[in-house]
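Encoded as structure tokens, the structure appears first; notes follow it.
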Amino acid sequence: MISLQDMIKEALGNNIIKIEDNKGYIDVVVPLEKLKESAIKVKQLGFDHVKSVTAVDYIQKKQFMVTYHISSYLNEELSRHVLGLSTFIDRDNPHIPSLATIWTSAEFQEREVYEFFGIIFDGHPDLRLLLLTPVVAALKPLRKDFVVKEDSINIEVDYAAYNATKWW
Amino acid sequence: MGSDNKEKKEERLNLLYGDLDTVAKMAKESLIKGKIAKMVDWATSFSLWPVHLMTSCCGCEIGAAWGPRFDNERFGSLPWVSPRQTNLIIVEGTITKKMACTLRIVWEQMPYPKFAIAMGSCALDGGIFYNSYNIVRPWQVIPIDIYIPGCPPRPEAVARSIIELQKMLKNKSLASKWILESKREDKKYIIPKEDLCGWRGEKVDLTTRYD
Amino acid sequence: MEAGTASSGSGIHLPGMEIAKASKNRYEVMIGPAHPGSGHMRIFVEVDGDIMVKVDPDIGFVHRTMEKLAEGREWIQNIPLFERIAILDACNITLPYVRAVEKLLGIEAPERARYLRTLLCEINRVASHLYGMGIFGVFLGHSTLYMWAFGDREVFIDLAERLTGARLTHTYPVFGGVRRDIPDDFPEDARKATRYMRKRLNEYAKIFLNNPNIRSRLENVGVLTKNQAAELGLVGPNIRASGIRYDVRLNEPYEAYGDVDFEIPVFEEGDSLARAWARVEEVRQSLNIIDQVVTWLEKHPRENFMHEKFWKTAPKLYKDVYEGKISYSPKYRIKLMPIFASLKVPPGKSFARVEAGRGEIVYYVESNGDIFPYRVRVVSPSFRNVIAFKYVMPGHRLMDLPAIYGSFDYFPPAFDR
Amino acid sequence: MNPCYYACYIVYKVIVYDIIFYPPVYQFLIIPGLITAIIIAIFIIWFERKAAAYVQMRYGPWEIAPKIGGATQLLADLTRYAMQEIITPQTVDTLQYLLAPIVMVVLALLPLEAVPLTSVKPYFPIPSGYSLLVAVAFTTLSPLFITMMGWASNNKFSITGSVRESFMITSYELISVLGLLTAAAMTRSYDLVKIVNLQMSGKWLGLINPIALFVVFIAVLMSTSGFPFEIPESESELVAGPFTEYSGLLYGLNMGGAYIRRWVFSILITLVFLGGWAPYRPTPGVITGYLIPSLIVSLKAVVIMGIMSFLRSVYGRYRLDQALGIAWEILIPLALLAFGIGLAEAYFGII
């Protein structure tokens with residue numbers, strides 16, 4: 001029984017920039033241009049669905065990290081593990097090949113990342129807004145340079161307007 | 001005195017000829033004098049049908065409040081499907097910017113006399129999501145009669161709000177007042193409809209019935 | 001329903017959300033967001049005659065921006081925040097967050113805490129399944145099932161309330177353990193509840209699942225094969241109804257699930273009826289687990305339910321009350337240890353998954369060593385189930401929409417977060 | 001004789017004989033017409049809610065009148081509906097939109113003009129040898145206006161609902177007509193009085209030919225969208241079907257209209273299958289010849305309506321194609337079978 005890490009190493013070869021055992025999942029970092037190729041290879045191993053598509057904004061490094069957490073349903077041995085397929089993309093020009101054509105389960109999650117971060121998934125079959133209104137989505141709310149106020153005293157509440165709505 | 005009598009005579013004549021305005025006025029006057037006004041308030045207070053408008057997580061407790069244990073149907077209140085046949089909105093928690101338009105449209109679709117209960121601290125002032133970038137205070141969208149604090153409020157609190165609304169209806173005779181005045185005194189909404197519904201991109205009909 | 005605007009013609013156009021204009025003999029129906037058959041979401045349905053051709057779920061009507069808010073709040077404050085994802089399943093929903101942070105902290109809850117968490121998780125699972133079944137009943141016009149399920153749900157909400165003090169928002173699991181221990185007479189009540197529920201489940205089957213009228217609505221409707229379910233990445237009872245034997249409790253046992261004895265009901269049919277049955281059978285298994293956990297808790301002496309690192313900072317009164325030196329009185333407010341307020345979590349990335357009532361819930365937590373999380377990513381079960389509407393519904397009749405929608409036990413706030 | 005007394009007597013006679021007990025007025029407006037129908041609708045809807053509540057482990061309407069179990073609940077609902085604003089959306093066809101519910105209710109009551117409620121000749125509303133045929137023909141009129149409502153509302157849900165309604169019309173009408181006319185075949189008469197008189201001996205047609213009764217019962221459920229055939233107004237995908245846009249009094253009329261139709265059908269079933277005013281034998285006189293038999297018929301009809309209402313708490317709703325399948329594949333053969341059985345029974349002289 002070879003370990004999962006070796007299996008991945010064997011399958012992806014020198015596509016891997018870094019492979020590490022994070023808490024709860026095995027993280028494989030691949031370069032952006034090799035992402036689709038690696039995804040196809042990983043799927044052939046038996047990883048059949050995407051659990052989550054995550055983007056993290058590293059504003060200081062001017063990078064986004066996009067991680068696909070993938071696992072398996074049909075292969076019981078693989079279903080005990082979660083594999084993270086990560087890649088780093090440029091923050092100013094956020095384009096990434098879409099994996100929704102490989103894993104259908106990524107379709108809605110990529111749409112969500114698109115509207116929250118403004119990351120454009122090239123080749124996505126149906127890249128539209130999902131949760132937000134266009135006005136809010138334009139803020140790209142999950143980026144780190146969008147800051148919500150956390151001080152409850154300074155929250156603007158127009159109580160004069162509130163009084164004006166009392167009726168009868 | 002003499003001119004008064006003349007007017008009264010004219011009114012009666014109008015009744016014969018069929019001046020509908022006068023007839024409506026006289027009918028309204030008889031409403032004030034008679035017991036019909038009280039009857040209307042009584043009937044409305046025991047027939048507060050909330051519209052099915054699930055807005056957020058307090059919906060769980062709404063389900064429980066009309067479930068067997070708390071059974072708000074005891075107060076004659078029956079959750080109903082279509083806004084046209086109901087007279088109560090229960091705002092169940094947070095209103096997001098996407099939902100606000102729907103809330104206003106549903107409110108406008110309901111026939112008068114109608115009432116609104118804001119349930120949960122999110123509906124009061126944002127609650128735990130007070131600094132979220134995607135929420136709207138419900139009182140900015142529709143006029144609210146009663147607030148229920150709590151996150152989420154217990155079903156007993158929902159029942160209490162129905163009882164309080166019944167009391168309010170009877171004491172202030174809200175329902176019959178609408179029939180008499182045929183419009184609400186204050187029809188202002190804080191956020192205009194074009195702001196709420198503008199994102200939908202469709203042509204919003206801004207001339208509501210009350211302008 | 002939006003009847004006022006619904007009549008304004010074919011296909012409305014949302015900027016950024018354009019959908020294809022309906023062709024001539026097709027008809028577009030908007031189910032939601034204020035529609036008795038939708039809950040808090042909208043479904044654009046394109047109908048050809050009576051057959052649904054294209055289904056496009058439009059969601060986000062309950063999006064309360066939790067992932068963003070979590071980045072500005074302390075680690076412990078985020079537990080009640082994430083509870084609001086699906087407050088009817090609060091313990092299951094927050095547990096993976098707690099576990100992910102525990103992984104970063106490098107601690108593990110003591111054994112008693114693990115059993116207590118399992119107990120509340122299973123109570124929540126039963127309540128959540130009953131909620132789903134009730135909504136399913138009302139979708140099919142069967143109001144009696146709705147009332148029964150909501151009435152029996154109260155039994156389990158009561159149990160949870162006795163355990164935690166709150167009907168829905170328990171905030172029970174915290175880092176390193178749980179908030180408090182069970183009351184002394186809890187096991188007896190729990191056994192009574194499970195006995196009652198087992199009896200009721202048979203009655204549910206009699207009036208709902210074996211009702212010929214309901215069976216004819218559900219059989220061979222919304223069929224998902226094993227491979228399709230895996231491809232769409234669905235979760236929870238929905239995949240187990242399609243023949244996939246996947247349950248986080250089984251595949252990656254967490255808390256006390258490795259020690260208790262239970263089965264995972266798996267069905268092969270993959271239709272709406274199988275999904276409904278999967279829930280009923282799962283409730284039965286949960287009742288078994290509750291019984292086992294309660295017995296374990298009774299047999300084992302009271303010991304620590306909080307990790308030593310946090311317990312030693314607890315106020316003296318709190319310890320005294322718990323250890324029985326002072327008898328409990330309502331005037332004592334049980335507070336969390338002050339250490340939680342300024343908790344700093346070591347930098348790192350962690351990932352945790354838990355089988356919630358509606359299916360697997362996944363958290364990705366990233367810390368940079370601050371008192372706030374750097375990034376929290378939540379993927380709730382409904383988030384992964386919603387894709388099914390787009391691919392399963394086309395080809396069915398319009399009247400099948402509630403039958404399919406209800407069978408997936410979809411809960412919009414859980415999607416929107 | 002005191003002239004005043006004489007005048008009073010004349011007025012009394014006119015009121016009682018020429019107005020109240022004048023059959024077209026009495027049957028259309030009093031028993032079993034409008035007033036009774038409204039009272040029955042109030043009672044039955046309350047009963048429906050209470051029965052459902054009983055099955056569902058709760059109280060149902062209560063606080064409004066705790067001593068009588070909240071029986072005045074529907075009074076409050078009706079008053080509220082009557083006093084609420086009537087919204088006419090801009091997009092509707094105003095005339096049809098306003099007229100359709102009113103015409104629907106009036107036409108729903110029309111069959112009562114044809115059914116005799118007593119065997120005493122002066123109290124027949126329309127003395128006719130074909131009263132069964134006329135009544136059945138009248139029952140088919142009002143559903144057309146439900147279709148019209150949906151069309152006039154100009155709302156997608158309404159139109160879909162009215163299309164479903166018209167599907168249902170085509171399927172249930174044949175069944176109900178076949179089922180009701182089985183009685184005509186068995187008794188060799190279209191006259192309801194004759195049909196009831198034949199059942200006086202205790203041989204109710206419903207007992208002799210239960211299949212016909214069952215078929216008609218299901219057809220009535222389909223026609224008045226009772227569970228499990230509540231398809232045109234199925235709330236979980238079409239908000240309220242054809243009635244979606246209606247508010248205030250007009251919706252009250254719609255809601256009442258369905259119950260009035262159910263009431264009319266119940267009276268027809270009572271007369272045809274359940275022996276009408278049997279075992280009571282009407283004798284000449286207003287009270288004994290008209291009031292009492294009509295009350296007996298009403299009582300029996302109320303029982304039928306109660307059974308129909310109770311089904312709500314047991315069944316969900318069928319899909320449209322399933323309901324149509326049940327109608328065309330099961331009920332119509334059953335109706336034909338019932339017709340055949342009826343003919344055979346008539347031939348062998350059982351009836």
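We label chains A, B, ... in the order they appear in the structure tokens, count residues from 1 in each chain, and number ligands from 1 in the order shown.
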Per-residue nearest contacts chain C to chain B, cut-off 6 Å, using only C-alpha atoms, as JSON lines:
{"residue": "C:Leu14", "atom": "CA", "partner": "B:Arg200", "partner_atom": "CA", "distance": 5.1}
{"residue": "C:Ala34", "atom": "CA", "partner": "B:Leu53", "partner_atom": "CA", "distance": 5.1}
{"residue": "C:Pro36", "atom": "CA", "partner": "B:Val81", "partner_atom": "CA", "distance": 5.5}
{"residue": "C:Gly39", "atom": "CA", "partner": "B:Met54", "partner_atom": "CA", "distance": 5.7}
{"residue": "C:His40", "atom": "CA", "partner": "B:Met54", "partner_atom": "CA", "distance": 5.5}
{"residue": "C:Phe61", "atom": "CA", "partner": "B:Met99", "partner_atom": "CA", "distance": 5.2}
{"residue": "C:Val62", "atom": "CA", "partner": "B:Ser56", "partner_atom": "CA", "distance": 5.9}
{"residue": "C:Met147", "atom": "CA", "partner": "B:Gly67", "partner_atom": "CA", "distance": 5.5}
{"residue": "C:Phe150", "atom": "CA", "partner": "B:Gly67", "partner_atom": "CA", "distance": 5.7}
{"residue": "C:Gly151", "atom": "CA", "partner": "B:Pro68", "partner_atom": "CA", "distance": 5.2}
Checklist entry - What are the residues of chain C that have an atom within 7 Å of an atom of chain A, counting only C-alpha atoms, as an NGL selection string? => result :C and (15-17 or 58-60 or 63 or 68 or 72 or 103 or 230-233 or 244 or 246 or 251-252 or 349-352 or 375 or 377 or 379 or 387 or 416)
Enumerate the residues of chain A with a DSSP assignment of helix (DSSP H, G or I), computed from the backbone, and present them as a short mmCIF file (atom, residue, chain, number, x, y, z; two decimals) with N, CA, C and O atoms, in the first residue's frame.
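Output (result_7.cif):
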data_model
loop_
_atom_site.label_atom_id
_atom_site.label_comp_id
_atom_site.auth_asym_id
_atom_site.auth_seq_id
_atom_site.Cartn_x
_atom_site.Cartn_y
_atom_site.Cartn_z
N LEU A 4 -0.75 8.05 -0.06
CA LEU A 4 -1.42 8.93 -1.02
C LEU A 4 -0.43 9.93 -1.61
O LEU A 4 -0.46 10.23 -2.80
N GLN A 5 0.45 10.42 -0.76
CA GLN A 5 1.41 11.42 -1.24
C GLN A 5 2.26 10.87 -2.37
O GLN A 5 2.47 11.52 -3.40
N ASP A 6 2.73 9.63 -2.19
CA ASP A 6 3.54 9.03 -3.25
C ASP A 6 2.74 8.86 -4.52
O ASP A 6 3.23 9.06 -5.63
N MET A 7 1.49 8.48 -4.34
CA MET A 7 0.62 8.27 -5.49
C MET A 7 0.48 9.56 -6.29
O MET A 7 0.58 9.58 -7.52
N ILE A 8 0.24 10.63 -5.56
CA ILE A 8 0.09 11.93 -6.22
C ILE A 8 1.40 12.32 -6.91
O ILE A 8 1.40 12.78 -8.05
N LYS A 9 2.50 12.11 -6.20
CA LYS A 9 3.79 12.49 -6.76
C LYS A 9 4.04 11.74 -8.06
O LYS A 9 4.50 12.29 -9.05
N GLU A 10 3.66 10.47 -8.01
CA GLU A 10 3.89 9.65 -9.19
C GLU A 10 3.03 10.13 -10.35
O GLU A 10 3.47 10.22 -11.49
N ALA A 11 1.79 10.47 -10.04
CA ALA A 11 0.86 10.83 -11.11
C ALA A 11 1.19 12.19 -11.69
O ALA A 11 1.14 12.38 -12.89
N LEU A 12 1.52 13.15 -10.84
CA LEU A 12 1.71 14.50 -11.34
C LEU A 12 3.14 14.77 -11.77
O LEU A 12 3.40 15.72 -12.49
N GLY A 13 4.07 13.96 -11.31
CA GLY A 13 5.45 14.12 -11.76
C GLY A 13 6.01 15.47 -11.36
O GLY A 13 5.84 15.93 -10.23
N ASN A 14 6.62 16.13 -12.33
CA ASN A 14 7.25 17.40 -11.97
C ASN A 14 6.32 18.60 -12.12
O ASN A 14 6.76 19.72 -12.17
N ASN A 15 5.01 18.34 -12.22
CA ASN A 15 4.08 19.45 -12.16
C ASN A 15 4.05 20.08 -10.77
O ASN A 15 3.61 21.20 -10.60
N LEU A 32 0.15 27.57 -12.51
CA LEU A 32 -1.13 27.90 -13.11
C LEU A 32 -1.34 27.20 -14.45
O LEU A 32 -2.40 26.66 -14.74
N GLU A 33 -0.28 27.18 -15.26
CA GLU A 33 -0.46 26.62 -16.61
C GLU A 33 -0.60 25.11 -16.59
O GLU A 33 -1.14 24.51 -17.53
N LYS A 34 -0.18 24.46 -15.47
CA LYS A 34 -0.29 23.00 -15.39
C LYS A 34 -1.54 22.56 -14.63
O LYS A 34 -1.75 21.38 -14.40
N LEU A 35 -2.37 23.54 -14.24
CA LEU A 35 -3.50 23.21 -13.36
C LEU A 35 -4.48 22.23 -14.01
O LEU A 35 -4.83 21.21 -13.45
N LYS A 36 -4.86 22.54 -15.24
CA LYS A 36 -5.87 21.72 -15.91
C LYS A 36 -5.34 20.31 -16.16
O LYS A 36 -6.04 19.33 -15.93
N GLU A 37 -4.08 20.27 -16.60
CA GLU A 37 -3.45 18.97 -16.87
C GLU A 37 -3.41 18.13 -15.59
O GLU A 37 -3.78 16.95 -15.58
N SER A 38 -3.00 18.78 -14.49
CA SER A 38 -2.93 18.04 -13.23
C SER A 38 -4.32 17.58 -12.78
O SER A 38 -4.48 16.48 -12.26
N ALA A 39 -5.30 18.46 -13.01
CA ALA A 39 -6.64 18.11 -12.58
C ALA A 39 -7.12 16.86 -13.30
O ALA A 39 -7.71 15.96 -12.70
N ILE A 40 -6.83 16.78 -14.61
CA ILE A 40 -7.26 15.60 -15.37
C ILE A 40 -6.58 14.35 -14.83
O ILE A 40 -7.21 13.30 -14.64
N LYS A 41 -5.27 14.51 -14.50
CA LYS A 41 -4.54 13.35 -13.98
C LYS A 41 -5.09 12.93 -12.63
O LYS A 41 -5.23 11.73 -12.35
N VAL A 42 -5.41 13.93 -11.80
CA VAL A 42 -5.94 13.60 -10.47
C VAL A 42 -7.29 12.92 -10.60
O VAL A 42 -7.62 11.98 -9.87
N LYS A 43 -8.07 13.37 -11.57
CA LYS A 43 -9.37 12.75 -11.74
C LYS A 43 -9.22 11.30 -12.16
O LYS A 43 -10.01 10.44 -11.76
N GLN A 44 -8.21 11.03 -12.97
CA GLN A 44 -8.01 9.65 -13.40
C GLN A 44 -7.64 8.75 -12.22
O GLN A 44 -7.90 7.55 -12.25
N LEU A 45 -7.04 9.36 -11.19
CA LEU A 45 -6.73 8.56 -10.00
C LEU A 45 -7.99 8.11 -9.27
O LEU A 45 -7.96 7.17 -8.48
N LEU A 78 -9.94 6.23 -1.18
CA LEU A 78 -9.61 7.64 -1.39
C LEU A 78 -10.55 8.56 -0.62
O LEU A 78 -10.18 9.68 -0.29
N SER A 79 -11.76 8.06 -0.34
CA SER A 79 -12.73 8.94 0.30
C SER A 79 -12.32 9.30 1.72
O SER A 79 -12.90 10.19 2.32
N ARG A 80 -11.34 8.61 2.26
CA ARG A 80 -10.86 8.97 3.61
C ARG A 80 -9.94 10.19 3.57
O ARG A 80 -9.61 10.74 4.60
N THR A 104 -18.07 18.57 -12.63
CA THR A 104 -19.30 19.38 -12.67
C THR A 104 -19.59 20.00 -11.32
O THR A 104 -20.18 21.07 -11.22
N SER A 105 -19.17 19.31 -10.26
CA SER A 105 -19.49 19.81 -8.93
C SER A 105 -18.81 21.13 -8.61
O SER A 105 -19.16 21.79 -7.66
N ALA A 106 -17.85 21.55 -9.44
CA ALA A 106 -17.18 22.82 -9.18
C ALA A 106 -17.92 23.99 -9.79
O ALA A 106 -17.55 25.13 -9.57
N GLU A 107 -18.97 23.70 -10.55
CA GLU A 107 -19.57 24.76 -11.36
C GLU A 107 -20.06 25.94 -10.52
O GLU A 107 -19.68 27.08 -10.74
N PHE A 108 -20.89 25.64 -9.54
CA PHE A 108 -21.48 26.71 -8.75
C PHE A 108 -20.44 27.37 -7.85
O PHE A 108 -20.50 28.55 -7.58
N GLN A 109 -19.49 26.56 -7.38
CA GLN A 109 -18.49 27.13 -6.48
C GLN A 109 -17.57 28.09 -7.21
O GLN A 109 -17.17 29.12 -6.67
N GLU A 110 -17.27 27.79 -8.46
CA GLU A 110 -16.44 28.72 -9.24
C GLU A 110 -17.19 30.01 -9.50
O GLU A 110 -16.62 31.09 -9.47
N ARG A 111 -18.50 29.87 -9.73
CA ARG A 111 -19.30 31.08 -9.91
C ARG A 111 -19.24 31.94 -8.66
O ARG A 111 -19.19 33.17 -8.72
N GLU A 112 -19.25 31.27 -7.51
CA GLU A 112 -19.23 32.04 -6.27
C GLU A 112 -17.89 32.75 -6.09
O GLU A 112 -17.83 33.93 -5.73
N VAL A 113 -16.79 32.03 -6.36
CA VAL A 113 -15.47 32.65 -6.24
C VAL A 113 -15.36 33.81 -7.22
O VAL A 113 -14.79 34.86 -6.92
N TYR A 114 -15.94 33.64 -8.38
CA TYR A 114 -15.92 34.71 -9.40
C TYR A 114 -16.56 35.97 -8.86
O TYR A 114 -16.02 37.07 -8.99
N GLU A 115 -17.70 35.84 -8.22
CA GLU A 115 -18.35 37.08 -7.81
C GLU A 115 -17.75 37.67 -6.54
O GLU A 115 -17.79 38.87 -6.34
N PHE A 116 -17.14 36.85 -5.69
CA PHE A 116 -16.61 37.40 -4.46
C PHE A 116 -15.19 37.96 -4.63
O PHE A 116 -14.80 38.85 -3.90
N PHE A 117 -14.43 37.38 -5.55
CA PHE A 117 -13.05 37.83 -5.71
C PHE A 117 -12.81 38.51 -7.05
O PHE A 117 -11.77 39.12 -7.26
N PRO A 134 -25.55 42.86 -8.66
CA PRO A 134 -24.40 43.40 -9.40
C PRO A 134 -23.72 44.54 -8.65
O PRO A 134 -22.51 44.69 -8.72
N VAL A 135 -24.51 45.33 -7.92
CA VAL A 135 -23.94 46.47 -7.22
C VAL A 135 -22.97 45.99 -6.14
O VAL A 135 -21.86 46.51 -6.00
N VAL A 136 -23.38 44.99 -5.38
CA VAL A 136 -22.53 44.49 -4.30
C VAL A 136 -21.36 43.71 -4.89
O VAL A 136 -20.24 43.79 -4.39
N ALA A 137 -21.61 42.97 -5.95
CA ALA A 137 -20.54 42.16 -6.52
C ALA A 137 -19.42 43.03 -7.06
O ALA A 137 -18.27 42.62 -7.09
N SER A 152 -19.25 48.88 16.47
CA SER A 152 -20.71 48.95 16.43
C SER A 152 -21.21 50.37 16.70
O SER A 152 -22.32 50.72 16.34
N ILE A 153 -20.40 51.23 17.35
CA ILE A 153 -20.89 52.56 17.69
C ILE A 153 -20.98 53.44 16.45
O ILE A 153 -21.84 54.28 16.33
N ASN A 154 -20.11 53.17 15.52
CA ASN A 154 -20.05 54.05 14.37
C ASN A 154 -20.94 53.62 13.22
O ASN A 154 -20.89 54.22 12.16
N TYR A 159 -31.77 57.55 12.62
CA TYR A 159 -32.96 57.40 13.46
C TYR A 159 -34.01 58.44 13.16
O TYR A 159 -35.18 58.23 13.42
N ALA A 160 -33.62 59.59 12.60
CA ALA A 160 -34.61 60.59 12.22
C ALA A 160 -35.52 60.02 11.15
O ALA A 160 -36.75 60.15 11.21
N ALA A 161 -34.90 59.35 10.21
CA ALA A 161 -35.69 58.73 9.15
C ALA A 161 -36.57 57.63 9.73
O ALA A 161 -37.70 57.43 9.31
N TYR A 162 -36.02 56.94 10.74
CA TYR A 162 -36.79 55.87 11.36
C TYR A 162 -38.06 56.43 11.96
O TYR A 162 -39.14 55.87 11.82
N ASN A 163 -37.94 57.59 12.66
CA ASN A 163 -39.12 58.17 13.28
C ASN A 163 -40.15 58.58 12.25
O ASN A 163 -41.35 58.55 12.51
N ALA A 164 -39.68 58.95 11.09
CA ALA A 164 -40.61 59.42 10.07
C ALA A 164 -41.47 58.28 9.54
O ALA A 164 -42.49 58.53 8.92
#
Please, which residues in chain D fall within 6 Å of chain B when counting only C-alpha atoms, and what is the closest atom pair and distance in Å to one decimal for each, ordered by chain then residue number, as JSON lines?
{"residue": "D:Met57", "atom": "CA", "partner": "B:Pro68", "partner_atom": "CA", "distance": 5.9}
{"residue": "D:Arg58", "atom": "CA", "partner": "B:Pro68", "partner_atom": "CA", "distance": 4.8}
{"residue": "D:Gly60", "atom": "CA", "partner": "B:Arg74", "partner_atom": "CA", "distance": 5.3}
{"residue": "D:Pro61", "atom": "CA", "partner": "B:Arg74", "partner_atom": "CA", "distance": 4.3}
{"residue": "D:Trp62", "atom": "CA", "partner": "B:Arg74", "partner_atom": "CA", "distance": 4.6}
{"residue": "D:Glu63", "atom": "CA", "partner": "B:Phe75", "partner_atom": "CA", "distance": 5.3}
{"residue": "D:Ala76", "atom": "CA", "partner": "B:Ala43", "partner_atom": "CA", "distance": 4.1}
{"residue": "D:Asp77", "atom": "CA", "partner": "B:Ser47", "partner_atom": "CA", "distance": 5.5}
{"residue": "D:Thr79", "atom": "CA", "partner": "B:Ala43", "partner_atom": "CA", "distance": 6.0}
{"residue": "D:Arg80", "atom": "CA", "partner": "B:Thr44", "partner_atom": "CA", "distance": 5.3}
{"residue": "D:Glu85", "atom": "CA", "partner": "B:Pro111", "partner_atom": "CA", "distance": 5.1}
{"residue": "D:Val239", "atom": "CA", "partner": "B:Ser82", "partner_atom": "CA", "distance": 5.9}
{"residue": "D:Ser247", "atom": "CA", "partner": "B:Arg84", "partner_atom": "CA", "distance": 5.1}
Next on the checklist: So the first atom is atom CA of Ser128 of chain D and the second is atom CA of Ile15 of chain D; what is the distance between them in Å, to one decimal place?
Outcome noted: 25.4 Å
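Counting only C-alpha atoms and comparing C:Val354, C:Leu401, C:Leu234, C:Val221, the residue that lies closest to Val386 of chain C is C:Leu234.
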Do me a favour and pick out the residues of chain D within 8 Å of chain C, using only C-alpha atoms, as an mmCIF file with C-alpha atoms, in the first residue's frame.
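Listing of out-v6.cif after writing:
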data_model
loop_
_atom_site.group_PDB
_atom_site.id
_atom_site.type_symbol
_atom_site.label_atom_id
_atom_site.label_comp_id
_atom_site.auth_asym_id
_atom_site.auth_seq_id
_atom_site.Cartn_x
_atom_site.Cartn_y
_atom_site.Cartn_z
ATOM 1 C CA ALA D 52 -57.207 18.712 10.462
ATOM 2 C CA VAL D 55 -55.410 14.812 13.442
ATOM 3 C CA GLN D 56 -52.404 17.094 13.691
ATOM 4 C CA MET D 57 -52.343 17.199 17.488
ATOM 5 C CA PRO D 89 -54.079 44.933 -11.234
ATOM 6 C CA THR D 91 -52.658 44.119 -16.477
ATOM 7 C CA ASN D 154 -53.146 37.603 -17.002
ATOM 8 C CA ASN D 155 -50.741 35.942 -14.600
ATOM 9 C CA LYS D 156 -48.637 32.944 -15.454
ATOM 10 C CA PHE D 157 -49.678 30.993 -12.410
ATOM 11 C CA PRO D 228 -56.164 14.511 -3.141
ATOM 12 C CA SER D 234 -51.804 23.405 -5.904
ATOM 13 C CA GLU D 235 -50.047 25.948 -3.794
ATOM 14 C CA SER D 236 -46.544 24.575 -3.894
ATOM 15 C CA GLU D 237 -45.980 25.393 -7.530
ATOM 16 C CA VAL D 239 -49.447 30.013 -5.812
ATOM 17 C CA THR D 244 -53.781 34.132 -7.468
ATOM 18 C CA GLU D 245 -54.604 37.730 -8.305
ATOM 19 C CA ARG D 312 -57.438 16.806 3.436
ATOM 20 C CA SER D 313 -55.638 15.609 6.509
ATOM 21 C CA VAL D 314 -54.900 12.153 5.122
ATOM 22 C CA TYR D 315 -53.835 12.640 1.517
ATOM 23 C CA GLY D 316 -51.368 14.733 -0.388
ATOM 24 C CA ARG D 317 -52.131 15.744 -3.907
ATOM 25 C CA TYR D 318 -51.747 13.743 -7.094
ATOM 26 C CA ARG D 319 -49.834 14.962 -10.080
ATOM 27 C CA LEU D 320 -51.934 16.290 -12.943
#
Next on the checklist: Just want the 7 Å neighbourhood of segment 190-201 of chain D, counted on only C-alpha atoms, with same-chain residues fewer than 6 positions away dropped. Output as a PyMOL selection string.
Outcome noted: chain D and resi 116+119+129-133+184+271-272+275-276+278-279
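Computed from the coordinates, the atom CA of Gly206 of chain D to atom CA of Gly33 of chain D distance equals 24.2 Å.
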Next on the checklist: Residues within 10 Å of Phe214 of chain D, please, as a list in words. Count only C-alpha atoms; anything in the same chain fewer than 3 positions from it doesn't count.
Outcome noted: Gly179, Gly206, Asn209, Pro210, Ile211, Phe217, Ile218, Ala219, Val220, Leu331, Leu334, Ala335 and Ala338 of chain D
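Atom CA of Leu180 of chain D lies 25.2 Å from atom CA of Ile38 of chain D.
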Item to check | Long-range neighbours of Leu178 of chain D as number ranges by chain, 9 Å cut-off, only C-alpha atoms, 2 positions minimum in chain | outcome: D: 173-176, 180-182, 212, 216, 332, 335-336, 338-339
